file entry_28.cif (mmCIF, C-alpha atoms)
data_model
#
loop_
_atom_site.label_atom_id
_atom_site.label_comp_id
_atom_site.auth_asym_id
_atom_site.auth_seq_id
_atom_site.Cartn_x
_atom_site.Cartn_y
_atom_site.Cartn_z
CA MET A 230 -36.60 -58.94 -98.71
CA THR A 231 -34.68 -58.21 -95.48
CA ASP A 232 -31.39 -59.67 -94.28
CA ASP A 233 -33.25 -61.65 -91.61
CA ARG A 234 -32.58 -65.38 -91.80
CA TYR A 235 -34.43 -68.57 -90.81
CA TYR A 236 -32.76 -71.96 -90.32
CA ASP A 237 -35.09 -74.95 -90.03
CA GLY A 238 -32.63 -77.01 -87.98
CA GLN A 239 -32.70 -79.89 -90.48
CA THR A 240 -30.65 -78.45 -93.34
CA ALA A 241 -27.93 -75.81 -93.63
CA THR A 242 -30.11 -73.61 -95.85
CA ALA A 243 -30.43 -70.00 -94.72
CA HIS A 244 -33.86 -68.70 -95.79
CA ARG A 245 -34.21 -64.93 -96.23
CA VAL A 246 -37.44 -64.09 -94.50
CA THR A 247 -39.83 -61.47 -93.22
CA VAL A 248 -41.76 -61.85 -89.99
CA THR A 249 -45.26 -60.71 -89.06
CA PRO A 250 -46.88 -61.04 -85.61
CA LEU A 251 -50.39 -62.52 -85.93
CA GLY A 252 -51.92 -62.52 -82.47
CA ASN A 253 -49.98 -65.02 -80.38
CA THR A 254 -48.10 -66.38 -83.41
CA LEU A 255 -45.15 -65.10 -85.42
CA LEU A 256 -45.56 -65.79 -89.14
CA ILE A 257 -42.23 -66.42 -90.89
CA ALA A 258 -42.41 -65.97 -94.67
CA SER A 259 -39.89 -66.38 -97.47
CA THR A 260 -40.09 -65.46 -101.14
CA GLY A 261 -40.98 -69.00 -102.11
CA ASP A 262 -43.17 -69.83 -99.14
CA PRO A 263 -45.47 -67.21 -97.54
CA ALA A 264 -46.03 -69.55 -94.56
CA LEU A 265 -42.57 -71.03 -94.13
CA ALA A 266 -43.03 -71.41 -90.36
CA ARG A 267 -45.31 -70.34 -87.55
CA TRP A 268 -43.81 -69.87 -84.10
CA PRO A 269 -45.93 -69.46 -80.92
CA ILE A 270 -44.51 -66.25 -79.47
CA GLU A 271 -44.73 -67.57 -75.89
CA ASP A 272 -42.48 -70.44 -76.99
CA MET A 273 -39.81 -68.08 -78.32
CA ARG A 274 -36.65 -67.02 -76.51
CA VAL A 275 -33.65 -64.89 -77.45
CA ILE A 276 -30.62 -67.17 -77.43
CA ASP A 277 -27.87 -64.60 -77.90
CA ALA A 278 -26.85 -61.47 -79.82
CA ASN A 279 -24.23 -60.83 -82.51
CA LYS A 280 -22.01 -58.12 -80.99
CA VAL A 281 -20.84 -57.01 -84.44
CA THR A 282 -24.11 -56.79 -86.40
CA GLY A 283 -26.52 -56.37 -83.48
CA ALA A 284 -28.71 -59.21 -84.79
CA LEU A 285 -30.65 -61.26 -82.27
CA ASN A 286 -30.69 -65.05 -82.49
CA PHE A 287 -34.12 -66.47 -81.55
CA GLY A 288 -35.00 -70.07 -80.73
CA ARG A 289 -37.90 -72.11 -79.38
CA VAL A 290 -38.17 -73.70 -75.95
CA SER A 291 -40.03 -76.74 -77.27
CA ASP A 292 -37.69 -77.34 -80.22
CA PRO A 293 -34.07 -76.14 -79.91
CA ALA A 294 -33.11 -76.97 -83.51
CA PRO A 295 -34.64 -74.12 -85.63
CA ARG A 296 -33.17 -70.61 -85.42
CA LEU A 297 -34.43 -67.19 -86.46
CA VAL A 298 -31.97 -64.30 -86.90
CA LEU A 299 -33.56 -60.84 -86.81
CA HIS A 300 -31.58 -57.67 -87.43
CA GLU A 301 -32.44 -54.38 -85.80
CA SER A 302 -35.65 -52.96 -87.25
CA PRO A 303 -38.93 -51.35 -86.15
CA GLN A 304 -40.64 -54.75 -86.58
CA ARG A 305 -38.15 -56.46 -84.27
CA GLN A 306 -38.44 -53.71 -81.66
CA GLN A 307 -42.23 -53.95 -81.81
CA LEU A 308 -42.00 -57.69 -81.23
CA LEU A 309 -39.72 -57.19 -78.20
CA ASP A 310 -41.86 -54.40 -76.71
CA ALA A 311 -45.05 -56.43 -77.04
CA ASN A 312 -43.49 -59.51 -75.44
CA PRO A 313 -41.40 -58.62 -72.36
CA HIS A 314 -40.28 -62.23 -71.85
CA LEU A 315 -38.14 -61.90 -74.98
CA LYS A 316 -36.04 -59.23 -73.24
CA GLU A 317 -35.01 -61.57 -70.43
CA TRP A 318 -32.15 -63.03 -72.41
CA ARG A 319 -29.57 -60.65 -70.98
CA SER A 320 -30.30 -61.75 -67.41
CA ARG A 321 -30.24 -65.41 -68.51
CA ALA A 322 -26.91 -64.86 -70.24
CA ALA A 323 -25.53 -63.24 -67.10
CA LYS A 324 -26.76 -66.13 -64.96
CA HIS A 325 -25.20 -68.59 -67.40
CA GLY A 326 -21.93 -66.71 -67.17
CA TRP A 327 -22.06 -66.88 -63.39
CA SER A 328 -22.92 -70.58 -63.62
CA VAL A 329 -19.96 -71.30 -65.87
CA GLY A 330 -17.67 -69.31 -63.63
CA LEU A 331 -19.00 -71.04 -60.55
CA ALA A 332 -18.66 -74.41 -62.25
CA TRP A 333 -14.99 -73.76 -62.96
CA THR A 334 -14.49 -72.59 -59.38
CA VAL A 335 -16.17 -75.72 -58.04
CA ALA A 336 -14.12 -77.83 -60.44
CA GLY A 337 -10.91 -76.26 -59.16
CA LEU A 338 -11.88 -76.85 -55.56
CA ALA A 339 -12.96 -80.36 -56.44
CA ILE A 340 -9.61 -81.22 -57.99
CA ALA A 341 -7.89 -80.18 -54.78
CA THR A 342 -10.47 -82.15 -52.78
CA LEU A 343 -9.97 -85.26 -54.89
CA PHE A 344 -6.22 -85.12 -54.48
CA TYR A 345 -6.68 -84.77 -50.73
CA PHE A 346 -9.40 -87.36 -50.14
CA GLY A 347 -8.89 -89.72 -53.09
CA TRP A 348 -11.12 -89.98 -56.17
CA ARG A 349 -14.02 -92.00 -54.74
CA ASP A 350 -14.09 -90.29 -51.36
CA GLY A 351 -13.58 -86.92 -53.02
CA SER A 352 -16.55 -87.39 -55.34
CA ALA A 353 -18.69 -88.36 -52.34
CA TYR A 354 -17.60 -85.20 -50.55
CA LEU A 355 -18.26 -83.03 -53.62
CA ALA A 356 -21.72 -84.55 -54.22
CA ARG A 357 -22.94 -83.08 -50.93
CA PHE A 358 -22.43 -79.57 -52.28
CA VAL A 359 -23.99 -79.95 -55.72
CA PRO A 360 -27.12 -77.71 -55.65
CA LYS A 361 -30.40 -79.57 -56.10
CA PRO A 362 -31.35 -77.62 -59.28
CA TRP A 363 -28.05 -78.69 -60.86
CA GLU A 364 -28.64 -82.28 -59.80
CA GLN A 365 -32.12 -82.15 -61.35
CA LYS A 366 -30.69 -80.87 -64.65
CA LEU A 367 -28.17 -83.71 -64.68
CA GLY A 368 -30.94 -86.22 -63.96
CA ALA A 369 -33.20 -84.76 -66.65
CA HIS A 370 -30.52 -85.26 -69.33
CA ILE A 371 -29.85 -88.84 -68.19
CA TYR A 372 -33.59 -89.61 -67.95
CA LYS A 373 -34.17 -88.33 -71.49
CA ALA A 374 -31.32 -90.44 -72.85
CA ILE A 375 -32.50 -93.58 -71.03
CA THR A 376 -36.18 -93.30 -72.01
CA LYS A 377 -35.51 -92.32 -75.63
CA ASN A 378 -36.01 -95.88 -76.86
CA LEU A 379 -38.01 -97.32 -73.95
CA THR A 380 -41.73 -97.60 -73.27
CA ILE A 381 -43.05 -96.09 -70.03
CA CYS A 382 -45.92 -98.18 -68.65
CA GLU A 383 -49.17 -96.28 -68.16
CA GLY A 384 -51.49 -98.51 -66.11
CA ASN A 385 -53.11 -95.97 -63.77
CA GLY A 386 -53.85 -98.40 -60.95
CA GLY A 387 -50.32 -99.78 -60.94
CA LYS A 388 -48.77 -96.34 -61.16
CA ALA A 389 -50.90 -95.15 -58.24
CA ALA A 390 -49.89 -98.15 -56.12
CA LEU A 391 -46.20 -97.57 -56.79
CA ARG A 392 -46.59 -93.83 -56.21
CA GLN A 393 -48.22 -94.47 -52.84
CA LEU A 394 -45.40 -96.85 -51.88
CA VAL A 395 -42.72 -94.27 -52.76
CA ASP A 396 -44.52 -91.54 -50.80
CA ARG A 397 -44.77 -93.82 -47.79
CA LEU A 398 -41.07 -94.72 -47.87
CA ALA A 399 -39.50 -91.38 -48.77
CA PRO A 400 -37.86 -89.46 -45.89
CA PRO A 401 -38.96 -85.82 -45.33
CA GLU A 402 -36.02 -84.49 -47.35
CA LEU A 403 -37.29 -86.35 -50.42
CA GLN A 404 -40.99 -85.64 -50.02
CA LYS A 405 -42.74 -83.18 -52.32
CA ASP A 406 -42.98 -79.89 -50.41
CA ALA A 407 -43.80 -76.68 -52.28
CA GLY A 408 -42.94 -74.55 -49.25
CA LYS A 409 -39.41 -75.93 -49.15
CA LYS A 410 -39.19 -76.02 -52.98
CA GLN A 411 -38.77 -79.81 -52.90
CA GLU A 412 -39.95 -81.59 -56.04
CA GLY A 413 -40.03 -85.02 -54.39
CA ILE A 414 -39.25 -88.38 -55.94
CA THR A 415 -40.66 -89.29 -59.35
CA VAL A 416 -41.02 -92.94 -60.34
CA ASP A 417 -41.67 -94.83 -63.58
CA VAL A 418 -42.09 -98.43 -64.66
CA VAL A 419 -40.40 -99.21 -67.98
CA ASP A 420 -41.41 -102.13 -70.17
CA MET A 421 -38.21 -104.21 -70.08
CA LYS A 422 -37.81 -107.95 -69.42
CA LEU A 423 -34.50 -107.61 -67.58
CA PRO A 424 -35.23 -107.38 -63.82
CA ASN A 425 -33.69 -104.10 -62.79
CA ALA A 426 -34.21 -100.85 -60.91
CA PHE A 427 -32.08 -97.73 -60.68
CA ALA A 428 -32.02 -94.27 -59.18
CA LEU A 429 -31.07 -91.20 -61.20
CA PRO A 430 -29.68 -87.86 -60.06
CA GLY A 431 -32.50 -85.42 -59.42
CA ASP A 432 -34.52 -87.92 -57.34
CA HIS A 433 -35.96 -90.21 -59.97
CA ILE A 434 -36.47 -93.98 -59.73
CA MET A 435 -37.07 -96.39 -62.59
CA VAL A 436 -38.31 -99.97 -62.12
CA THR A 437 -38.51 -102.48 -64.96
CA SER A 438 -41.53 -104.66 -65.64
CA GLY A 439 -39.17 -107.65 -65.51
CA LEU A 440 -38.44 -106.93 -61.86
CA ILE A 441 -42.14 -106.70 -61.02
CA ASP A 442 -42.82 -109.94 -62.92
CA ILE A 443 -40.14 -111.85 -61.06
CA ALA A 444 -41.20 -110.57 -57.62
CA THR A 445 -43.56 -112.94 -55.81
CA SER A 446 -44.89 -110.36 -53.34
CA PRO A 447 -45.29 -106.59 -53.03
CA ASP A 448 -42.83 -106.67 -50.13
CA MET A 449 -40.07 -107.70 -52.54
CA VAL A 450 -40.82 -104.65 -54.68
CA SER A 451 -40.96 -102.42 -51.61
CA GLY A 452 -37.54 -103.75 -50.57
CA VAL A 453 -36.04 -102.85 -53.95
CA VAL A 454 -37.74 -99.43 -54.01
CA ALA A 455 -36.52 -98.72 -50.47
CA HIS A 456 -32.99 -99.61 -51.61
CA GLU A 457 -33.21 -97.13 -54.51
CA ILE A 458 -34.59 -94.41 -52.22
CA GLY A 459 -31.62 -95.16 -49.98
CA HIS A 460 -29.32 -94.34 -52.92
CA LEU A 461 -31.15 -91.04 -53.45
CA ASP A 462 -31.10 -90.13 -49.79
CA LEU A 463 -27.34 -90.70 -49.69
CA ARG A 464 -26.90 -88.85 -53.04
CA HIS A 465 -25.15 -91.84 -54.56
CA PRO A 466 -26.34 -91.18 -58.17
CA THR A 467 -24.68 -87.76 -58.26
CA GLN A 468 -21.59 -89.12 -56.55
CA SER A 469 -21.41 -91.93 -59.10
CA ALA A 470 -21.81 -89.50 -62.02
CA ILE A 471 -18.95 -87.32 -60.76
CA SER A 472 -16.78 -90.35 -60.05
CA ASN A 473 -17.43 -92.19 -63.32
CA LEU A 474 -17.89 -89.32 -65.78
CA GLY A 475 -15.41 -86.88 -64.30
CA ILE A 476 -15.98 -83.35 -63.08
CA SER A 477 -15.77 -81.55 -66.41
CA ALA A 478 -18.21 -83.90 -68.20
CA THR A 479 -20.67 -83.76 -65.30
CA ALA A 480 -20.52 -79.95 -65.22
CA SER A 481 -20.97 -79.84 -69.00
CA ILE A 482 -24.15 -81.93 -68.80
CA ILE A 483 -25.52 -79.80 -65.97
CA LEU A 484 -24.89 -76.63 -67.98
CA GLY A 485 -26.63 -78.00 -71.05
CA GLY A 486 -23.85 -79.76 -72.92
CA SER A 487 -24.12 -83.21 -74.47
CA GLY A 488 -22.34 -85.79 -72.37
CA VAL A 489 -24.73 -88.71 -72.16
CA GLY A 490 -26.33 -90.63 -74.95
CA ASP A 491 -25.38 -94.25 -75.37
CA VAL A 492 -26.50 -97.03 -73.04
CA ALA A 493 -22.93 -98.06 -72.22
CA THR A 494 -22.18 -94.59 -70.88
CA LEU A 495 -25.39 -94.58 -68.85
CA LEU A 496 -24.65 -97.95 -67.29
CA THR A 497 -21.24 -96.65 -66.28
CA ILE A 498 -22.79 -93.55 -64.72
CA LEU A 499 -25.23 -95.65 -62.70
CA SER A 500 -22.69 -98.15 -61.36
CA TYR A 501 -22.06 -98.13 -57.63
CA SER A 502 -19.25 -99.25 -55.38
CA ARG A 503 -19.55 -102.09 -52.88
CA LYS A 504 -19.76 -99.52 -50.10
CA MET A 505 -22.60 -97.63 -51.82
CA GLU A 506 -24.67 -100.78 -52.36
CA HIS A 507 -24.22 -101.82 -48.75
CA GLU A 508 -25.15 -98.34 -47.50
CA ALA A 509 -28.27 -98.28 -49.70
CA ASP A 510 -29.34 -101.72 -48.43
CA ILE A 511 -29.03 -100.64 -44.80
CA ARG A 512 -30.71 -97.27 -45.40
CA GLY A 513 -33.51 -99.04 -47.28
CA LEU A 514 -34.15 -101.35 -44.33
CA ASP A 515 -34.35 -98.32 -42.04
CA LEU A 516 -36.88 -96.65 -44.34
CA LEU A 517 -39.05 -99.78 -44.44
CA LYS A 518 -39.10 -100.00 -40.65
CA GLN A 519 -39.80 -96.29 -40.23
CA ALA A 520 -42.75 -96.62 -42.63
CA GLY A 521 -44.13 -99.57 -40.64
CA LEU A 522 -43.68 -101.97 -43.56
CA ARG A 523 -42.35 -105.51 -43.57
CA ALA A 524 -38.61 -105.37 -44.07
CA ASP A 525 -38.00 -109.01 -45.02
CA GLY A 526 -38.90 -108.49 -48.68
CA MET A 527 -35.42 -107.24 -49.57
CA ALA A 528 -33.68 -110.45 -48.46
CA ALA A 529 -36.45 -112.52 -50.06
CA PHE A 530 -35.90 -110.75 -53.37
CA PHE A 531 -32.16 -111.40 -53.26
CA LYS A 532 -32.88 -115.11 -52.68
CA VAL A 533 -35.28 -115.27 -55.65
CA MET A 534 -32.69 -113.61 -57.87
CA LYS A 535 -30.02 -116.02 -56.61
CA GLU A 536 -32.21 -118.96 -57.61
CA LYS A 537 -32.76 -117.44 -61.05
CA PHE A 538 -29.03 -116.78 -61.31
CA GLU A 539 -28.22 -120.42 -60.68
CA LYS A 540 -30.95 -121.63 -63.02
CA ASP A 541 -30.57 -119.28 -65.99
CA GLY A 542 -27.00 -118.02 -65.76
CA HIS A 543 -25.23 -114.79 -64.95
CA SER A 544 -26.65 -112.82 -67.90
CA LEU A 545 -30.05 -112.55 -66.21
CA ILE A 546 -28.71 -110.66 -63.22
CA PRO A 547 -27.96 -106.94 -63.57
CA ASP A 548 -24.65 -105.73 -62.17
CA TRP A 549 -26.26 -103.99 -59.19
CA LEU A 550 -27.44 -107.42 -57.95
CA ALA A 551 -24.86 -109.88 -59.25
CA SER A 552 -21.70 -108.01 -58.32
CA HIS A 553 -20.56 -106.57 -55.04
CA PRO A 554 -21.87 -107.31 -52.46
CA GLY A 555 -22.88 -110.83 -53.61
CA LEU A 556 -26.48 -112.04 -53.46
CA ASP A 557 -25.79 -114.53 -50.66
CA GLU A 558 -24.08 -111.90 -48.56
CA ARG A 559 -26.83 -109.35 -49.18
CA ALA A 560 -29.59 -111.81 -48.40
CA ASP A 561 -27.81 -112.61 -45.13
CA TYR A 562 -27.23 -109.09 -43.81
CA THR A 563 -30.67 -107.80 -44.91
CA LYS A 564 -32.56 -110.45 -42.96
CA ALA A 565 -35.34 -108.80 -40.98
CA ASP A 566 -38.32 -109.85 -38.93
CA THR A 567 -41.79 -109.99 -40.43
CA SER A 568 -43.31 -107.32 -38.23
CA GLY A 569 -45.04 -104.47 -40.00
CA THR A 570 -47.70 -104.37 -42.69
CA THR A 571 -47.55 -105.64 -46.25
CA ALA A 572 -46.63 -102.95 -48.75
CA MET A 573 -49.82 -103.23 -50.85
CA THR A 574 -53.30 -104.67 -50.78
CA ASP A 575 -54.09 -107.58 -53.09
CA SER A 576 -55.85 -105.28 -55.55
CA GLU A 577 -52.94 -102.79 -55.57
CA TRP A 578 -50.45 -105.60 -56.10
CA GLN A 579 -52.45 -106.98 -59.02
CA ALA A 580 -52.68 -103.48 -60.52
CA LEU A 581 -48.90 -103.13 -60.32
CA LYS A 582 -48.47 -106.56 -61.94
CA ASP A 583 -50.69 -105.30 -64.81
CA VAL A 584 -49.12 -101.84 -65.06
CA CYS A 585 -47.57 -102.50 -68.49
CA LYS A 586 -50.66 -104.14 -69.99
CA VAL A 587 -52.29 -100.75 -70.61
CA ARG A 588 -51.27 -99.28 -73.99
#

call {"tool": "encode", "arguments": {"input": "entry_28.cif", "output": "C-alpha cells"}}
result
Amino acid sequence: MTDDRYYDGQTATAHRVTVTPLGNTLLIASTGDPALARWPIEDMRVIDANKVTGALNFGRVSDPAPRLVLHESPQRQQLLDANPHLKEWRSRAAKHGWSVGLAWTVAGLAIATLFYFGWRDGSAYLARFVPKPWEQKLGAHIYKAITKNLTICEGNGGKAALRQLVDRLAPPELQKDAGKKQEGITVDVVDMKLPNAFALPGDHIMVTSGLIDIATSPDMVSGVVAHEIGHLDLRHPTQSAISNLGISATASIILGGSGVGDVATLLTILSYSRKMEHEADIRGLDLLKQAGLRADGMAAFFKVMKEKFEKDGHSLIPDWLASHPGLDERADYTKADTSGTTAMTDSEWQALKDVCKVR
C-alpha cells in the first residue's frame, strides 16, 4: 500500500489508498474497501501542493469536504498528463495570490478613504470600485446562506411572469448581455409568510410569497421589484455589506472565507440607511416610468402595509418598510399618476399568486 491518503471529509480518519483511473472515473481503494470512493475526474481539482514532500492535495468542485493526497509516482503523473485541467492549479494559486494582495491593497486604500469621507460615505465610494465578479461571489455566499433552510417556489407560470417584469424594468447595465459579460438580474420567490423583498450583491432579488399574498394588484409587486432593482442599480447591497460587515470580513467572503451564516448576520448585511431607501424609491419610480408601467403601485403598497401595521402590530412589518423612511412619508413622496400599463395580465397575475402552490 502506498503513502497516498484519502480523507472522506466527515471523520478525521486518514485512509491509505491506491488509485486507478477507470475511464472518466478515478477509483479510490483501501485495504478494507476496494471501492472506497469514486471521483469523476472532470470534477477533480488540485487544491495545493506540499512544498516539503511534493504531494498534491486534490479536491472536488461539487463537494469541497473530501480530500485526496497523492505523492509523486508514475500513476499520479499519468493522471495529470491525461487530464490537463488538473495542471491548472498553479495558475489558480497565482491568481489567488494576486487577489489576496489586491484585496489588502484595496483594504488599505479603503481605510484611508473611510477616514477621509466617513464610514457610510466611504463604503459607498468603495462599492463603486468593487469588480462585478467579486460582487457576484459575495452575493453567491449570501444567497446560499439565506436559501439553506428556505423553499424556492417553482410555479413556472408565476416565475415567467416575474422574470418578464424584471427584464422590463432592469436598466441596460443590469440586463443579461453575453457580449458585455453581464449576467443580468436573477429573481426568486421564497415560500415565507412575512411580506418582504430584498436585493443581494451580485444582482439577485428575492421576493417572499407573503408579499405577493398581501399585494392586491400586480402594480404593487412591480413597485416593490422596481425599488429592489433601484438598490441594485445604485449598488446599495455591496455598500451595505462593506459598511455593516467591515472591509476585512467582506473581502474574506469574496475570497472564499466563511463570514456569513446565521440569519441575524444576514439581516444586518441587508439593512439600509434612510438615504439608501429614499434613493431606491426614487430610482424605482424612474424605472417604472421608463418601462411604461403604472408607477402608483409603490405608494399603494406602502398604504396597504400601513393598514396591516396598524391592525396587526409592528411585528408584521419588516425593517425595510417599517423603519426609515416611515410608511406615511414613503407613500406620500412616491405618489404617481396612473398613466402607463398594468404590470401583468390577469392570467400572469394569477400565475404569480399561485407560484408557491407547485411542489

call {"tool": "closest_residue", "arguments": {"input": "entry_28.cif", "among": "A:Thr563, A:Thr254, A:Thr260, A:Thr247", "to": "Ser302 (chain A)", "atoms": "all atoms listed in the file"}}
result
A:Thr247

call {"tool": "closest_residue", "arguments": {"input": "entry_28.cif", "among": "A:Gly238, A:Pro360, A:Pro250, A:Gly521", "to": "Pro293 (chain A)", "atoms": "only C-alpha atoms"}}
result
A:Gly238

call {"tool": "resolve_selection", "arguments": {"input": "entry_28.cif", "expression": "the PyMOL selection byres ((chain A and resi 438-447) around 8)", "output": "VMD selection string"}}
result
chain A and resid 418 to 426 436 to 437 448 to 451 526 530 533 571 to 573 578 581 to 582 585

call {"tool": "resolve_selection", "arguments": {"input": "entry_28.cif", "expression": "the PyMOL selection byres ((chain A and resi 268-276) around 10)", "output": "VMD selection string"}}
result
chain A and resid 250 to 257 266 to 267 277 to 278 285 to 293 296 to 298 308 to 309 312 314 to 319 321 to 322

call {"tool": "atom_distance", "arguments": {"input": "entry_28.cif", "atom1": "CA of Gly384 (chain A)", "atom2": "CA of Val587 (chain A)"}}
result
5.1 Å

call {"tool": "atom_distance", "arguments": {"input": "entry_28.cif", "atom1": "CA of Gly387 (chain A)", "atom2": "CA of Ser576 (chain A)"}}
result
9.5 Å

call {"tool": "residues_around", "arguments": {"input": "entry_28.cif", "residues": "Ala509 (chain A)", "least_positions_apart": "3", "cutoff": "10 Å", "atoms": "only C-alpha atoms", "output": "count of residues only"}}
result
18

call {"tool": "closest_residue", "arguments": {"input": "entry_28.cif", "among": "A:Ala241, A:Ala294, A:Ala470, A:Ala565", "to": "Ile511 (chain A)", "atoms": "only C-alpha atoms"}}
result
A:Ala565

call {"tool": "closest_residue", "arguments": {"input": "entry_28.cif", "among": "A:Gln307, A:Thr570, A:Thr242, A:Gln411", "to": "Lys361 (chain A)", "atoms": "all atoms listed in the file"}}
result
A:Gln411

call {"tool": "residues_near_point", "arguments": {"input": "entry_28.cif", "point": "(-31.4, -65.9, -93.4)", "cutoff": "6 Å", "atoms": "all atoms listed in the file", "output": "ChimeraX atom specification"}}
result
/A:233-235,243-245

call {"tool": "write_last_selection", "arguments": {"input": "entry_28.cif", "atoms": "C-alpha atoms", "output": "compact mmCIF listing (two decimals), in the frame of the given file"}}
result
# COMPACT_ATOMS: atom_id res chain seq x y z
CA ASP A 233 -33.25 -61.65 -91.61
CA ARG A 234 -32.58 -65.38 -91.80
CA TYR A 235 -34.43 -68.57 -90.81
CA ALA A 243 -30.43 -70.00 -94.72
CA HIS A 244 -33.86 -68.70 -95.79
CA ARG A 245 -34.21 -64.93 -96.23

call {"tool": "closest_residue", "arguments": {"input": "entry_28.cif", "among": "A:Asp510, A:Asp406, A:Glu577, A:Glu412", "to": "Val454 (chain A)", "atoms": "only C-alpha atoms"}}
result
A:Asp510

call {"tool": "resolve_selection", "arguments": {"input": "entry_28.cif", "expression": "the PyMOL selection byres ((chain A and resi 413) around 7)", "output": "PDB file with C-alpha atoms, in the frame of the given file"}}
result
ATOM      1  CA  LEU A 403     -37.290 -86.350 -50.420  1.00  0.00           C
ATOM      2  CA  GLN A 404     -40.990 -85.640 -50.020  1.00  0.00           C
ATOM      3  CA  LYS A 405     -42.740 -83.180 -52.320  1.00  0.00           C
ATOM      4  CA  GLN A 411     -38.770 -79.810 -52.900  1.00  0.00           C
ATOM      5  CA  GLU A 412     -39.950 -81.590 -56.040  1.00  0.00           C
ATOM      6  CA  ILE A 414     -39.250 -88.380 -55.940  1.00  0.00           C
ATOM      7  CA  THR A 415     -40.660 -89.290 -59.350  1.00  0.00           C
ATOM      8  CA  ASP A 432     -34.520 -87.920 -57.340  1.00  0.00           C
TER       9      ASP A 432
END

call {"tool": "atom_distance", "arguments": {"input": "entry_28.cif", "atom1": "CA of Thr249 (chain A)", "atom2": "CA of Glu301 (chain A)"}}
result
14.7 Å

call {"tool": "build_atoms", "arguments": {"input": "entry_28.cif", "residues": "region 432-443 of chain A", "atoms": "N, CA, C and O atoms", "output": "PDB file, in the coordinates of the input"}}
result
ATOM      1  N   ASP A 432     -33.471 -87.218 -58.080  1.00  0.00           N
ATOM      2  CA  ASP A 432     -34.520 -87.920 -57.340  1.00  0.00           C
ATOM      3  C   ASP A 432     -35.560 -88.581 -58.244  1.00  0.00           C
ATOM      4  O   ASP A 432     -36.758 -88.302 -58.165  1.00  0.00           O
ATOM      5  N   HIS A 433     -35.065 -89.438 -59.112  1.00  0.00           N
ATOM      6  CA  HIS A 433     -35.960 -90.210 -59.970  1.00  0.00           C
ATOM      7  C   HIS A 433     -35.619 -91.690 -59.872  1.00  0.00           C
ATOM      8  O   HIS A 433     -34.442 -92.050 -59.849  1.00  0.00           O
ATOM      9  N   ILE A 434     -36.658 -92.530 -59.811  1.00  0.00           N
ATOM     10  CA  ILE A 434     -36.470 -93.980 -59.730  1.00  0.00           C
ATOM     11  C   ILE A 434     -37.156 -94.622 -60.930  1.00  0.00           C
ATOM     12  O   ILE A 434     -38.260 -94.232 -61.318  1.00  0.00           O
ATOM     13  N   MET A 435     -36.483 -95.616 -61.510  1.00  0.00           N
ATOM     14  CA  MET A 435     -37.070 -96.390 -62.590  1.00  0.00           C
ATOM     15  C   MET A 435     -37.032 -97.865 -62.213  1.00  0.00           C
ATOM     16  O   MET A 435     -36.018 -98.368 -61.723  1.00  0.00           O
ATOM     17  N   VAL A 436     -38.170 -98.548 -62.403  1.00  0.00           N
ATOM     18  CA  VAL A 436     -38.310 -99.970 -62.120  1.00  0.00           C
ATOM     19  C   VAL A 436     -38.725-100.652 -63.414  1.00  0.00           C
ATOM     20  O   VAL A 436     -39.589-100.147 -64.134  1.00  0.00           O
ATOM     21  N   THR A 437     -38.133-101.786 -63.733  1.00  0.00           N
ATOM     22  CA  THR A 437     -38.510-102.480 -64.960  1.00  0.00           C
ATOM     23  C   THR A 437     -39.676-103.444 -64.699  1.00  0.00           C
ATOM     24  O   THR A 437     -39.858-103.928 -63.584  1.00  0.00           O
ATOM     25  N   SER A 438     -40.431-103.706 -65.756  1.00  0.00           N
ATOM     26  CA  SER A 438     -41.530-104.660 -65.640  1.00  0.00           C
ATOM     27  C   SER A 438     -41.004-106.054 -65.327  1.00  0.00           C
ATOM     28  O   SER A 438     -41.665-106.847 -64.657  1.00  0.00           O
ATOM     29  N   GLY A 439     -39.762-106.353 -65.798  1.00  0.00           N
ATOM     30  CA  GLY A 439     -39.170-107.650 -65.510  1.00  0.00           C
ATOM     31  C   GLY A 439     -38.963-107.868 -64.025  1.00  0.00           C
ATOM     32  O   GLY A 439     -39.115-108.989 -63.523  1.00  0.00           O
ATOM     33  N   LEU A 440     -38.610-106.811 -63.310  1.00  0.00           N
ATOM     34  CA  LEU A 440     -38.440-106.930 -61.860  1.00  0.00           C
ATOM     35  C   LEU A 440     -39.779-107.199 -61.183  1.00  0.00           C
ATOM     36  O   LEU A 440     -39.874-108.046 -60.288  1.00  0.00           O
ATOM     37  N   ILE A 441     -40.810-106.491 -61.608  1.00  0.00           N
ATOM     38  CA  ILE A 441     -42.140-106.700 -61.020  1.00  0.00           C
ATOM     39  C   ILE A 441     -42.638-108.103 -61.331  1.00  0.00           C
ATOM     40  O   ILE A 441     -43.242-108.766 -60.476  1.00  0.00           O
ATOM     41  N   ASP A 442     -42.375-108.596 -62.539  1.00  0.00           N
ATOM     42  CA  ASP A 442     -42.820-109.940 -62.920  1.00  0.00           C
ATOM     43  C   ASP A 442     -42.153-111.019 -62.077  1.00  0.00           C
ATOM     44  O   ASP A 442     -42.780-112.023 -61.715  1.00  0.00           O
ATOM     45  N   ILE A 443     -40.868-110.816 -61.767  1.00  0.00           N
ATOM     46  CA  ILE A 443     -40.140-111.850 -61.060  1.00  0.00           C
ATOM     47  C   ILE A 443     -40.407-111.830 -59.555  1.00  0.00           C
ATOM     48  O   ILE A 443     -40.200-112.823 -58.862  1.00  0.00           O
TER      49      ILE A 443
END
